[in-house]
file input08.cif (mmCIF, C-alpha atoms)
data_start
#
loop_
_atom_site.label_atom_id
_atom_site.label_comp_id
_atom_site.auth_asym_id
_atom_site.auth_seq_id
_atom_site.Cartn_x
_atom_site.Cartn_y
_atom_site.Cartn_z
CA MET A 1 42.98 -24.00 51.88
CA ALA A 2 40.64 -24.32 54.80
CA THR A 3 37.76 -22.51 53.14
CA LEU A 4 37.47 -25.27 50.56
CA THR A 5 36.31 -27.74 53.16
CA ALA A 6 33.45 -25.53 54.27
CA VAL A 7 32.17 -24.74 50.80
CA ARG A 8 30.10 -27.82 50.00
CA PRO A 9 26.32 -27.33 50.27
CA ALA A 10 24.99 -29.63 52.94
CA PHE A 11 21.50 -29.31 51.50
CA GLY A 12 19.98 -28.13 48.25
CA GLY A 13 17.28 -25.59 47.60
CA PHE A 14 17.58 -21.86 47.13
CA SER A 15 21.02 -20.34 47.39
CA PHE A 16 21.20 -16.74 48.55
CA ASP A 17 24.89 -16.30 47.71
CA ASN A 18 24.36 -13.72 45.01
CA CYS A 19 21.77 -11.52 46.72
CA LYS A 20 24.27 -8.96 48.00
CA ARG A 21 26.00 -8.81 44.64
CA ASN A 22 22.66 -8.34 42.86
CA ALA A 23 21.65 -5.54 45.21
CA VAL A 24 24.93 -3.74 44.52
CA LEU A 25 24.54 -4.28 40.77
CA GLU A 26 21.06 -2.84 40.82
CA ILE A 27 22.25 0.31 42.56
CA GLU A 28 25.16 0.68 40.13
CA ALA A 29 22.94 0.12 37.11
CA SER A 30 20.40 2.70 38.17
CA LYS A 31 23.24 5.20 38.68
CA VAL A 32 24.32 4.71 35.07
CA GLY A 33 20.75 4.84 33.83
CA CYS A 34 19.98 1.32 32.67
CA SER A 35 17.84 -1.14 34.57
CA VAL A 36 18.23 -4.79 35.43
CA PRO A 37 16.13 -7.16 33.28
CA SER A 38 12.71 -7.85 34.75
CA ALA A 39 11.07 -11.22 35.19
CA ARG A 40 8.43 -12.30 32.69
CA LYS A 41 4.99 -11.84 34.24
CA THR A 42 1.73 -13.13 32.97
CA GLY A 43 -0.30 -9.90 33.69
CA THR A 44 -3.38 -11.92 33.33
CA THR A 45 -7.05 -12.50 33.61
CA ILE A 46 -7.88 -15.88 35.11
CA CYS A 47 -11.18 -16.93 36.61
CA GLY A 48 -13.22 -19.92 37.66
CA VAL A 49 -16.85 -20.74 38.30
CA VAL A 50 -18.58 -23.67 39.98
CA PHE A 51 -21.63 -24.91 38.06
CA LYS A 52 -24.06 -27.75 38.56
CA ASP A 53 -21.82 -30.70 37.68
CA GLY A 54 -18.35 -29.29 38.06
CA VAL A 55 -15.98 -26.40 37.55
CA VAL A 56 -15.13 -24.18 34.58
CA LEU A 57 -11.70 -22.51 34.56
CA GLY A 58 -10.80 -19.79 32.09
CA ALA A 59 -7.66 -17.84 31.22
CA ASP A 60 -6.35 -15.44 28.58
CA THR A 61 -3.10 -16.23 26.75
CA ARG A 62 -0.79 -13.22 26.88
CA ALA A 63 2.57 -13.16 28.70
CA THR A 64 4.26 -9.78 29.17
CA GLU A 65 7.82 -8.73 29.94
CA GLY A 66 7.52 -5.16 31.16
CA MET A 67 5.77 -3.32 28.36
CA ILE A 68 6.36 -5.92 25.66
CA VAL A 69 4.26 -8.98 24.90
CA ALA A 70 6.60 -11.92 25.35
CA ASP A 71 4.25 -14.71 24.32
CA LYS A 72 1.05 -14.22 22.33
CA ASN A 73 -0.28 -17.67 23.01
CA CYS A 74 0.93 -19.10 26.28
CA SER A 75 -0.96 -21.71 28.24
CA LYS A 76 -1.95 -20.61 31.73
CA ILE A 77 -4.11 -23.52 32.76
CA HIS A 78 -1.74 -26.07 34.30
CA TYR A 79 -2.35 -29.74 34.99
CA ILE A 80 -2.20 -30.78 38.62
CA SER A 81 -3.90 -34.15 38.57
CA PRO A 82 -6.42 -35.86 36.29
CA ASN A 83 -9.29 -34.21 38.13
CA ILE A 84 -7.64 -30.95 39.23
CA TYR A 85 -6.39 -28.04 37.11
CA CYS A 86 -4.88 -24.74 38.17
CA CYS A 87 -4.69 -21.33 36.44
CA GLY A 88 -1.69 -19.19 37.30
CA ALA A 89 -1.14 -15.43 37.33
CA GLY A 90 1.96 -13.51 38.40
CA THR A 91 5.54 -14.39 37.53
CA ALA A 92 5.35 -17.00 34.77
CA ALA A 93 8.24 -19.14 35.99
CA ASP A 94 6.94 -19.17 39.54
CA THR A 95 3.47 -20.36 38.57
CA GLU A 96 4.91 -22.97 36.23
CA MET A 97 7.37 -24.45 38.71
CA THR A 98 5.00 -24.27 41.68
CA THR A 99 2.24 -26.09 39.86
CA GLN A 100 4.66 -28.73 38.61
CA LEU A 101 6.06 -29.33 42.09
CA ILE A 102 2.60 -29.62 43.61
CA SER A 103 1.50 -31.89 40.79
CA SER A 104 4.43 -34.23 41.49
CA ASN A 105 3.77 -34.17 45.22
CA LEU A 106 0.08 -34.91 44.69
CA GLU A 107 0.91 -37.81 42.41
CA LEU A 108 3.24 -39.32 45.00
CA HIS A 109 0.65 -38.74 47.69
CA SER A 110 -2.17 -40.31 45.72
CA LEU A 111 0.02 -43.33 44.92
CA SER A 112 0.64 -43.67 48.62
CA THR A 113 -3.01 -43.35 49.67
CA GLY A 114 -4.38 -45.23 46.65
CA ARG A 115 -7.17 -42.69 46.11
CA LEU A 116 -7.97 -39.88 43.72
CA PRO A 117 -6.46 -36.67 45.14
CA ARG A 118 -8.73 -34.04 46.63
CA VAL A 119 -8.73 -30.36 45.75
CA ALA A 120 -8.38 -29.47 49.43
CA THR A 121 -5.09 -31.41 49.54
CA ALA A 122 -3.68 -29.48 46.60
CA ASN A 123 -4.87 -26.25 48.19
CA ARG A 124 -3.14 -27.00 51.49
CA MET A 125 0.11 -28.04 49.82
CA LEU A 126 0.14 -24.86 47.75
CA LYS A 127 -0.65 -22.52 50.61
CA GLN A 128 1.95 -24.07 52.88
CA MET A 129 4.63 -23.74 50.24
CA LEU A 130 3.74 -20.16 49.32
CA PHE A 131 3.65 -19.11 52.96
CA ARG A 132 7.02 -20.68 53.56
CA TYR A 133 8.53 -18.31 50.99
CA GLN A 134 6.66 -15.29 52.38
CA GLY A 135 5.36 -14.01 49.06
CA TYR A 136 8.73 -14.00 47.29
CA ILE A 137 7.32 -16.64 44.95
CA GLY A 138 4.93 -14.47 42.94
CA ALA A 139 2.23 -16.97 42.07
CA ALA A 140 -1.48 -16.12 42.31
CA LEU A 141 -3.48 -19.22 41.48
CA VAL A 142 -7.04 -20.30 40.79
CA LEU A 143 -7.33 -23.97 41.69
CA GLY A 144 -10.37 -25.96 40.62
CA GLY A 145 -11.37 -29.59 40.40
CA VAL A 146 -13.91 -32.29 41.10
CA ASP A 147 -13.26 -34.97 43.71
CA CYS A 148 -15.27 -37.41 45.82
CA ASN A 149 -16.87 -34.50 47.71
CA GLY A 150 -18.04 -32.62 44.64
CA PRO A 151 -16.70 -29.62 42.71
CA HIS A 152 -14.40 -27.17 44.53
CA LEU A 153 -12.83 -23.85 43.59
CA TYR A 154 -10.07 -22.05 45.50
CA SER A 155 -8.14 -18.86 44.93
CA ILE A 156 -4.60 -18.74 46.34
CA TYR A 157 -2.65 -15.51 46.85
CA PRO A 158 1.17 -15.20 46.65
CA HIS A 159 1.56 -14.81 50.40
CA GLY A 160 -0.32 -17.99 51.14
CA SER A 161 -3.90 -17.00 51.95
CA THR A 162 -6.69 -18.92 50.25
CA ASP A 163 -10.41 -18.44 49.66
CA LYS A 164 -12.97 -21.08 48.86
CA LEU A 165 -15.70 -19.49 46.77
CA PRO A 166 -18.21 -20.31 44.03
CA TYR A 167 -16.59 -17.84 41.61
CA VAL A 168 -13.12 -16.27 41.70
CA THR A 169 -10.94 -14.08 39.50
CA MET A 170 -7.22 -13.27 39.74
CA GLY A 171 -4.64 -11.27 37.86
CA SER A 172 -4.45 -7.74 36.56
CA GLY A 173 -7.76 -8.11 34.72
CA SER A 174 -9.51 -9.57 37.74
CA LEU A 175 -11.63 -6.51 38.40
CA ALA A 176 -13.07 -6.50 34.89
CA ALA A 177 -13.81 -10.23 35.06
CA MET A 178 -15.29 -9.96 38.55
CA ALA A 179 -17.66 -7.23 37.34
CA VAL A 180 -19.09 -9.67 34.79
CA PHE A 181 -19.37 -12.42 37.40
CA GLU A 182 -21.08 -10.23 39.96
CA ASP A 183 -23.63 -9.21 37.37
CA ARG A 184 -24.53 -12.56 35.88
CA TYR A 185 -23.56 -15.37 38.26
CA LYS A 186 -26.33 -17.66 39.43
CA PRO A 187 -25.82 -20.80 41.53
CA ASP A 188 -26.27 -24.20 39.80
CA MET A 189 -25.90 -23.06 36.20
CA GLU A 190 -25.84 -25.41 33.22
CA GLU A 191 -22.53 -26.21 31.53
CA ASP A 192 -23.11 -24.06 28.45
CA ALA A 193 -24.26 -21.07 30.47
CA ALA A 194 -21.21 -21.40 32.70
CA LYS A 195 -18.87 -21.60 29.69
CA GLN A 196 -20.48 -18.52 28.16
CA LEU A 197 -20.16 -16.64 31.46
CA VAL A 198 -16.46 -17.47 31.83
CA ARG A 199 -15.82 -16.60 28.22
CA ASP A 200 -17.45 -13.22 28.70
CA ALA A 201 -15.54 -12.57 31.91
CA ILE A 202 -12.18 -13.31 30.28
CA ALA A 203 -13.17 -11.23 27.26
CA ALA A 204 -13.90 -8.32 29.61
CA GLY A 205 -10.41 -8.72 31.04
CA ILE A 206 -8.83 -8.98 27.57
CA PHE A 207 -10.47 -5.88 26.17
CA ASN A 208 -10.19 -3.67 29.24
CA ASP A 209 -6.77 -4.59 30.62
CA LEU A 210 -3.44 -4.08 28.84
CA GLY A 211 -1.82 -7.00 30.59
CA SER A 212 -4.27 -9.55 29.15
CA GLY A 213 -4.94 -10.36 25.55
CA SER A 214 -5.06 -12.81 22.64
CA ASN A 215 -7.23 -15.89 23.00
CA ILE A 216 -9.48 -17.38 25.64
CA ASP A 217 -8.70 -20.87 26.98
CA LEU A 218 -11.30 -22.85 28.85
CA CYS A 219 -11.09 -25.98 30.96
CA VAL A 220 -14.32 -27.74 31.94
CA ILE A 221 -13.87 -30.30 34.73
CA THR A 222 -16.71 -32.66 35.56
CA LYS A 223 -16.86 -35.86 37.58
CA ASN A 224 -15.45 -38.20 34.94
CA LYS A 225 -14.27 -35.95 32.17
CA VAL A 226 -11.96 -33.01 31.62
CA ASN A 227 -12.43 -30.88 28.53
CA TYR A 228 -9.41 -28.65 27.88
CA ILE A 229 -10.49 -26.29 25.12
CA ARG A 230 -7.53 -24.37 23.77
CA PRO A 231 -8.41 -21.98 22.22
CA HIS A 232 -12.05 -21.68 22.99
CA ASP A 233 -12.38 -18.29 21.37
CA GLU A 234 -9.90 -16.28 19.38
CA ALA A 235 -11.04 -12.88 20.58
CA ASN A 236 -8.10 -11.06 19.02
CA LYS A 237 -7.28 -12.31 15.58
CA LYS A 238 -4.33 -10.67 13.88
CA GLY A 239 -5.61 -8.48 11.05
CA VAL A 240 -5.68 -9.79 7.46
CA ARG A 241 -4.31 -7.52 4.74
CA THR A 242 -7.04 -6.52 2.34
CA GLY A 243 -4.82 -5.22 -0.47
CA ASP A 244 -1.57 -6.30 -2.07
CA TYR A 245 1.31 -4.31 -3.58
CA LYS A 246 2.51 -7.18 -5.77
CA TYR A 247 2.14 -6.56 -9.51
CA LYS A 248 0.60 -9.21 -11.77
CA GLN A 249 2.76 -11.10 -14.28
CA GLY A 250 2.90 -9.21 -17.56
CA THR A 251 2.33 -5.71 -16.14
CA THR A 252 5.65 -4.57 -17.49
CA GLY A 253 5.99 -5.13 -21.23
CA VAL A 254 9.16 -6.90 -22.41
CA LEU A 255 10.92 -5.05 -25.29
CA THR A 256 13.99 -7.19 -26.05
CA LYS A 257 15.40 -10.39 -24.68
CA ALA A 258 19.03 -11.63 -24.92
CA VAL A 259 20.11 -15.02 -23.50
CA THR A 260 23.83 -15.72 -22.80
CA PRO A 261 24.77 -19.18 -21.48
CA ILE A 262 27.68 -19.18 -19.06
CA ASP A 263 29.85 -22.33 -19.37
CA LEU A 264 31.71 -23.39 -16.29
CA GLU A 265 34.45 -25.97 -16.60
CA LEU A 266 34.96 -28.62 -13.97
CA LEU A 267 38.42 -28.06 -12.39
CA GLU A 268 38.63 -30.59 -9.61
CA GLU A 269 36.40 -33.21 -8.12
CA SER A 270 37.10 -34.97 -4.83
CA VAL A 271 34.95 -37.43 -2.97
CA GLN A 272 35.19 -37.69 0.81
CA THR A 273 33.39 -40.67 2.33
CA MET A 274 31.47 -40.08 5.58
CA ASP A 275 32.15 -42.40 8.46
CA THR A 276 28.64 -43.63 9.14
CA SER A 277 29.63 -46.60 11.32
CA ILE B 278 21.65 -24.14 64.27
CA VAL B 279 21.92 -20.53 63.23
CA PRO B 280 20.40 -18.32 65.95
CA VAL B 281 17.90 -15.68 64.94
CA ALA B 282 20.06 -12.77 66.02
CA GLY B 283 22.69 -13.38 63.42
CA PHE B 284 25.49 -15.66 62.46
CA SER B 285 27.71 -17.00 65.20
CA PRO B 286 31.30 -18.10 64.56
CA GLN B 287 31.72 -21.79 64.20
CA GLY B 288 35.00 -22.31 66.00
CA ALA B 289 35.78 -23.46 69.52
CA TYR B 290 34.91 -21.10 72.39
CA GLY B 291 32.76 -19.06 70.00
CA VAL B 292 35.75 -17.31 68.49
CA GLN B 293 36.11 -17.08 64.73
CA ASP B 294 38.06 -20.05 63.51
CA SER B 295 40.02 -18.35 60.72
CA LEU B 296 41.96 -21.43 59.81
CA ARG B 297 38.84 -23.47 59.14
CA SER B 298 36.28 -21.00 57.90
CA GLY B 299 38.31 -18.18 56.44
CA PHE B 300 38.30 -14.46 57.14
CA THR B 301 35.30 -12.63 58.50
CA SER B 302 33.79 -9.28 57.75
CA VAL B 303 31.31 -7.58 60.02
CA LYS B 304 28.89 -6.74 57.22
CA ASN B 305 28.86 -10.30 55.93
CA GLU B 306 28.26 -11.74 59.34
CA LEU B 307 25.65 -9.47 60.85
CA LEU B 308 23.17 -8.96 58.04
CA PRO B 309 21.63 -11.80 56.09
CA SER B 310 21.64 -11.07 52.38
CA HIS B 311 17.99 -11.96 51.94
CA PRO B 312 15.06 -11.93 54.38
CA LEU B 313 14.41 -15.59 53.66
CA GLU B 314 17.98 -16.72 54.21
CA LEU B 315 17.75 -17.38 57.93
CA SER B 316 14.33 -18.93 57.82
CA GLU B 317 15.35 -21.25 55.00
CA LYS B 318 18.56 -22.29 56.76
CA ASN B 319 16.64 -23.37 59.81
CA PHE B 320 13.53 -24.63 58.09
CA GLN B 321 14.19 -28.34 58.35
CA LEU B 322 15.19 -28.00 61.99
CA ASN B 323 12.10 -26.01 62.87
CA GLN B 324 9.85 -28.51 61.13
CA ASP B 325 11.42 -31.34 63.09
CA LYS B 326 11.06 -29.48 66.36
CA MET B 327 7.40 -28.78 65.67
CA ASN B 328 6.72 -32.38 64.73
CA PHE B 329 8.49 -33.71 67.80
CA SER B 330 6.62 -31.42 70.15
CA THR B 331 3.28 -32.41 68.60
CA LEU B 332 4.27 -36.04 68.91
CA ARG B 333 5.20 -35.55 72.54
CA ASN B 334 1.86 -33.95 73.27
CA ILE B 335 -0.06 -36.75 71.60
CA GLN B 336 1.86 -39.88 72.47
CA GLY B 337 4.05 -38.96 75.40
CA LEU B 338 7.76 -38.34 75.82
CA HIS B 339 8.90 -41.75 74.65
CA ALA B 340 7.84 -41.21 71.04
CA PRO B 341 10.09 -38.27 70.14
CA LEU B 342 12.94 -39.75 72.16
CA LYS B 343 12.88 -42.98 70.23
CA LEU B 344 12.55 -41.17 66.93
CA GLN B 345 15.44 -38.86 67.67
CA MET B 346 17.60 -41.81 68.52
CA GLU B 347 16.77 -43.30 65.14
CA TYR B 348 17.51 -39.99 63.40
CA ARG B 349 20.89 -39.83 65.06
CA ALA B 350 21.65 -43.38 64.04
CA ALA B 351 20.59 -42.77 60.44
CA ARG B 352 22.68 -39.63 60.20
CA GLN B 353 25.86 -40.91 61.67
CA VAL B 354 27.92 -44.05 61.54
CA ILE B 355 26.34 -45.68 58.55
CA GLN B 356 27.23 -42.57 56.61
CA ARG B 357 30.07 -42.56 54.21
CA LEU B 358 33.26 -40.54 54.48
CA PRO B 359 32.55 -36.81 54.44
CA PHE B 360 33.61 -36.09 50.88
CA LEU B 361 31.48 -38.85 49.36
CA GLN B 362 27.91 -37.99 48.45
CA SER B 363 25.31 -39.87 50.41
CA SER B 364 21.69 -40.17 49.41
CA ASN B 365 20.42 -40.02 53.00
CA LEU B 366 17.82 -42.63 52.19
CA ALA B 367 17.34 -43.80 55.78
CA LEU B 368 16.92 -40.24 57.02
CA ASP B 369 14.45 -39.46 54.25
CA THR B 370 12.38 -42.50 55.07
CA LEU B 371 12.23 -41.60 58.74
CA ARG B 372 11.21 -38.07 57.95
CA ASN B 373 8.70 -39.10 55.29
CA SER B 374 10.39 -36.81 52.79
CA ASP B 375 10.95 -39.75 50.43
CA GLU B 376 7.38 -39.25 49.24
CA SER B 377 7.58 -35.55 48.56
CA ILE B 378 9.59 -33.35 46.24
CA GLY B 379 10.61 -29.79 46.95
CA PHE B 380 13.00 -27.12 45.79
CA GLU B 381 15.86 -28.81 47.61
CA ASP B 382 15.62 -31.72 45.17
CA VAL B 383 15.47 -29.54 42.09
CA LEU B 384 17.76 -26.59 42.79
CA ASN B 385 21.34 -26.88 43.98
CA ASP B 386 21.27 -30.62 44.38
CA PRO B 387 24.39 -31.45 46.42
CA ALA B 388 24.91 -34.53 44.28
CA HIS B 389 25.41 -32.25 41.27
CA SER B 390 27.60 -29.66 42.88
CA GLU B 391 30.56 -28.55 40.79
CA VAL B 392 33.06 -28.32 43.62
CA MET B 393 34.26 -31.16 45.75
CA GLY B 394 36.07 -30.81 49.01
CA GLU B 395 39.54 -32.22 49.11
CA PRO B 396 39.26 -35.71 50.65
CA HIS B 397 42.19 -35.51 53.06
CA MET B 398 41.20 -32.09 54.33
CA MET B 399 37.62 -33.12 54.88
CA VAL B 400 38.40 -36.28 56.78
CA GLU B 401 40.84 -34.41 59.01
CA TYR B 402 38.28 -31.68 59.56
CA LYS B 403 35.68 -34.21 60.55
CA LEU B 404 38.00 -36.00 62.93
CA GLY B 405 39.10 -32.70 64.42
CA LEU B 406 42.72 -33.25 63.47
CA LEU B 407 43.00 -30.17 61.32
#

call {"tool": "encode", "arguments": {"input": "input08.cif", "output": "structure tokens"}}
result
Amino acid sequence: MATLTAVRPAFGGFSFDNCKRNAVLEIEASKVGCSVPSARKTGTTICGVVFKDGVVLGADTRATEGMIVADKNCSKIHYISPNIYCCGAGTAADTEMTTQLISSNLELHSLSTGRLPRVATANRMLKQMLFRYQGYIGAALVLGGVDCNGPHLYSIYPHGSTDKLPYVTMGSGSLAAMAVFEDRYKPDMEEDAAKQLVRDAIAAGIFNDLGSGSNIDLCVITKNKVNYIRPHDEANKKGVRTGDYKYKQGTTGVLTKAVTPIDLELLEESVQTMDTS
Amino acid sequence: IVPVAGFSPQGAYGVQDSLRSGFTSVKNELLPSHPLELSEKNFQLNQDKMNFSTLRNIQGLHAPLKLQMEYRAARQVIQRLPFLQSSNLALDTLRNSDESIGFEDVLNDPAHSEVMGEPHMMVEYKLGLL
């Protein structure tokens, strides 16, 4: 009777009611031999590069669930504001929800200030939120955009630390992509050279890392224009069958043919009108 | 406020108030079920404390005092009866959280909760008559 009065949540947000139960379930399940279902990760290669007039962001398109590919063509470059985009690696739901929340907050903020939002604002909002949850929100992000102060590129780690650099990579394929960047990056590149560099970096991640695969998506952000190229390059096309086991018409010769019509008599017919009012 | 050391019983004189908050179990009380549970419970309070102390350092003691008086007013009398859902608009405006969205607006929104406290019980609880 009395416990009912205390049950209402005074505030929303995360509810930790089931944590103890989940911990017990996990122990019980591992005793029996099965395992609890794992969250869908994006096991990714994402990267970004600052060039002369703006920022190029690139990502692969594979989402994995343990050892299985869950989505062959998912979109990892998320919209934050008209001049800011963010690539996300880590737990797919976390990156999706985090970027959507920050995008809404930035929109409200820019309506309040009356100005185009800055990349530094998005960076600070993201890092404060991720630090608040102490890394339990598994979102590793590459944030890039062009604002009144020029092009900016940030990398944000799940625990809340950020780096502001001219070229960054994140995800399981980050080492492969970073190798390409370290070899061929030059400051103040042209747009086409930057696109080619990002494409090659993501391709290195796709071909050398099991967690990344399928196509390459690019997003080129300049002062007045955003070019979201999806897909920029289908590095892994599914194979096309070269032969066919179907036989042509007339392969088997017809010896005799007998046609028997089956007559069905109409027993009962009833019409039921639909009430479409 | 939930102190850092653990959960403290909510009844009078610090003794567990079984009639109001049900039975207790040592394991449930002492250990939080998730490392974030305590920090999340106190998050809003800690934010407010930090903001007030910054405000005091910048503008002097009067600023947080006046603001806290307004918070208390917004939270209190103008509120509805305890079992009715209130949107806390005045409080949100004071805190500037009417221009931001967070997990507390998306997950477990109290306005959408499936259980409702029994009206008579809740009013008596609030008035201390229970």

call {"tool": "resolve_selection", "arguments": {"input": "input08.cif", "expression": "the PyMOL selection byres ((chain B) within 8 of (chain A))", "output": "PDB file with C-alpha atoms, in the frame of the given file"}}
result
ATOM      1  CA  LEU B 296      41.960 -21.430  59.810  1.00  0.00           C
ATOM      2  CA  ARG B 297      38.840 -23.470  59.140  1.00  0.00           C
ATOM      3  CA  SER B 298      36.280 -21.000  57.900  1.00  0.00           C
ATOM      4  CA  GLY B 299      38.310 -18.180  56.440  1.00  0.00           C
ATOM      5  CA  SER B 310      21.640 -11.070  52.380  1.00  0.00           C
ATOM      6  CA  HIS B 311      17.990 -11.960  51.940  1.00  0.00           C
ATOM      7  CA  LEU B 313      14.410 -15.590  53.660  1.00  0.00           C
ATOM      8  CA  GLU B 314      17.980 -16.720  54.210  1.00  0.00           C
ATOM      9  CA  GLU B 376       7.380 -39.250  49.240  1.00  0.00           C
ATOM     10  CA  SER B 377       7.580 -35.550  48.560  1.00  0.00           C
ATOM     11  CA  ILE B 378       9.590 -33.350  46.240  1.00  0.00           C
ATOM     12  CA  GLY B 379      10.610 -29.790  46.950  1.00  0.00           C
ATOM     13  CA  PHE B 380      13.000 -27.120  45.790  1.00  0.00           C
ATOM     14  CA  GLU B 381      15.860 -28.810  47.610  1.00  0.00           C
ATOM     15  CA  ASP B 382      15.620 -31.720  45.170  1.00  0.00           C
ATOM     16  CA  VAL B 383      15.470 -29.540  42.090  1.00  0.00           C
ATOM     17  CA  LEU B 384      17.760 -26.590  42.790  1.00  0.00           C
ATOM     18  CA  ASN B 385      21.340 -26.880  43.980  1.00  0.00           C
ATOM     19  CA  ASP B 386      21.270 -30.620  44.380  1.00  0.00           C
ATOM     20  CA  PRO B 387      24.390 -31.450  46.420  1.00  0.00           C
ATOM     21  CA  SER B 390      27.600 -29.660  42.880  1.00  0.00           C
ATOM     22  CA  VAL B 392      33.060 -28.320  43.620  1.00  0.00           C
ATOM     23  CA  MET B 393      34.260 -31.160  45.750  1.00  0.00           C
ATOM     24  CA  GLY B 394      36.070 -30.810  49.010  1.00  0.00           C
ATOM     25  CA  GLU B 395      39.540 -32.220  49.110  1.00  0.00           C
ATOM     26  CA  MET B 398      41.200 -32.090  54.330  1.00  0.00           C
ATOM     27  CA  MET B 399      37.620 -33.120  54.880  1.00  0.00           C
ATOM     28  CA  TYR B 402      38.280 -31.680  59.560  1.00  0.00           C
TER      29      TYR B 402
END

call {"tool": "closest_residue", "arguments": {"input": "input08.cif", "among": "A:Leu210, A:Ile84, A:Leu175, A:Met125", "to": "Gly66 (chain A)", "atoms": "only C-alpha atoms"}}
result
A:Leu210

call {"tool": "resolve_selection", "arguments": {"input": "input08.cif", "expression": "the PyMOL selection byres ((chain A and resi 46) around 8)", "output": "number ranges by chain"}}
result
A: 44-45, 47-48, 57-60, 87-89, 142, 169-171, 173-174, 202

call {"tool": "resolve_selection", "arguments": {"input": "input08.cif", "expression": "the PyMOL selection byres ((chain B and resi 321) around 12)", "output": "compact mmCIF listing (two decimals) with C-alpha atoms, in the coordinates of the input"}}
result
# COMPACT_ATOMS: atom_id res chain seq x y z
CA PHE A 11 21.50 -29.31 51.50
CA GLY A 12 19.98 -28.13 48.25
CA GLY A 13 17.28 -25.59 47.60
CA ARG A 132 7.02 -20.68 53.56
CA ILE B 278 21.65 -24.14 64.27
CA LEU B 315 17.75 -17.38 57.93
CA SER B 316 14.33 -18.93 57.82
CA GLU B 317 15.35 -21.25 55.00
CA LYS B 318 18.56 -22.29 56.76
CA ASN B 319 16.64 -23.37 59.81
CA PHE B 320 13.53 -24.63 58.09
CA LEU B 322 15.19 -28.00 61.99
CA ASN B 323 12.10 -26.01 62.87
CA GLN B 324 9.85 -28.51 61.13
CA ASP B 325 11.42 -31.34 63.09
CA LYS B 326 11.06 -29.48 66.36
CA MET B 327 7.40 -28.78 65.67
CA ASN B 328 6.72 -32.38 64.73
CA ASP B 369 14.45 -39.46 54.25
CA ARG B 372 11.21 -38.07 57.95
CA SER B 374 10.39 -36.81 52.79
CA GLU B 381 15.86 -28.81 47.61

call {"tool": "atom_distance", "arguments": {"input": "input08.cif", "atom1": "CA of Gly54 (chain A)", "atom2": "CA of Leu143 (chain A)"}}
result
12.8 Å

call {"tool": "atom_distance", "arguments": {"input": "input08.cif", "atom1": "CA of Lys76 (chain A)", "atom2": "CA of Ala92 (chain A)"}}
result
8.7 Å

call {"tool": "residues_near_point", "arguments": {"input": "input08.cif", "point": "(0.4, -18.3, 18.8)", "cutoff": "9 Å", "atoms": "all atoms listed in the file", "output": "VMD selection string"}}
result
chain A and resid 61 71 to 74 214

call {"tool": "write_last_selection", "arguments": {"input": "input08.cif", "atoms": "C-alpha atoms", "output": "PDB file, in the coordinates of the input"}}
result
ATOM      1  CA  THR A  61      -3.100 -16.230  26.750  1.00  0.00           C
ATOM      2  CA  ASP A  71       4.250 -14.710  24.320  1.00  0.00           C
ATOM      3  CA  LYS A  72       1.050 -14.220  22.330  1.00  0.00           C
ATOM      4  CA  ASN A  73      -0.280 -17.670  23.010  1.00  0.00           C
ATOM      5  CA  CYS A  74       0.930 -19.100  26.280  1.00  0.00           C
ATOM      6  CA  SER A 214      -5.060 -12.810  22.640  1.00  0.00           C
TER       7      SER A 214
END

call {"tool": "atom_distance", "arguments": {"input": "input08.cif", "atom1": "CA of Pro151 (chain A)", "atom2": "CA of Gly114 (chain A)"}}
result
20.3 Å

call {"tool": "residues_around", "arguments": {"input": "input08.cif", "residues": "region 190-193 of chain A", "least_positions_apart": "2", "cutoff": "7 Å", "atoms": "all atoms listed in the file", "output": "list in words"}}
result
Phe51, Lys52, Asp188, Lys195, Gln196 and Leu197 of chain A

call {"tool": "residues_around", "arguments": {"input": "input08.cif", "residues": "Ser155 (chain A)", "least_positions_apart": "6", "cutoff": "7 Å", "atoms": "all atoms listed in the file", "output": "list in words"}}
result
Leu141, Val142, Leu143, Thr162, Asp163, Lys164 and Val168 of chain A

call {"tool": "write_last_selection", "arguments": {"input": "input08.cif", "atoms": "C-alpha atoms", "output": "short mmCIF file (atom, residue, chain, number, x, y, z; two decimals), in the frame of the given file"}}
result
data_model
loop_
_atom_site.label_atom_id
_atom_site.label_comp_id
_atom_site.auth_asym_id
_atom_site.auth_seq_id
_atom_site.Cartn_x
_atom_site.Cartn_y
_atom_site.Cartn_z
CA LEU A 141 -3.48 -19.22 41.48
CA VAL A 142 -7.04 -20.30 40.79
CA LEU A 143 -7.33 -23.97 41.69
CA THR A 162 -6.69 -18.92 50.25
CA ASP A 163 -10.41 -18.44 49.66
CA LYS A 164 -12.97 -21.08 48.86
CA VAL A 168 -13.12 -16.27 41.70
#

call {"tool": "axis_aligned_box", "arguments": {"input": "input08.cif", "around": "region 388-406 of chain B", "padding_each_side": "8 Å", "output": "lines of an AutoDock Vina configuration file"}}
result
center_x = 33.8
center_y = -32.3
center_z = 52.6
size_x = 33.8
size_y = 24.0
size_z = 39.6

call {"tool": "residues_around", "arguments": {"input": "input08.cif", "residues": "Thr64 (chain A)", "least_positions_apart": "6", "cutoff": "9 Å", "atoms": "all atoms listed in the file", "output": "list of chain:residue names"}}
result
A:Arg40, A:Lys41, A:Thr42, A:Gly43, A:Thr44, A:Ala70, A:Asp71, A:Lys72, A:Gly211, A:Ser212
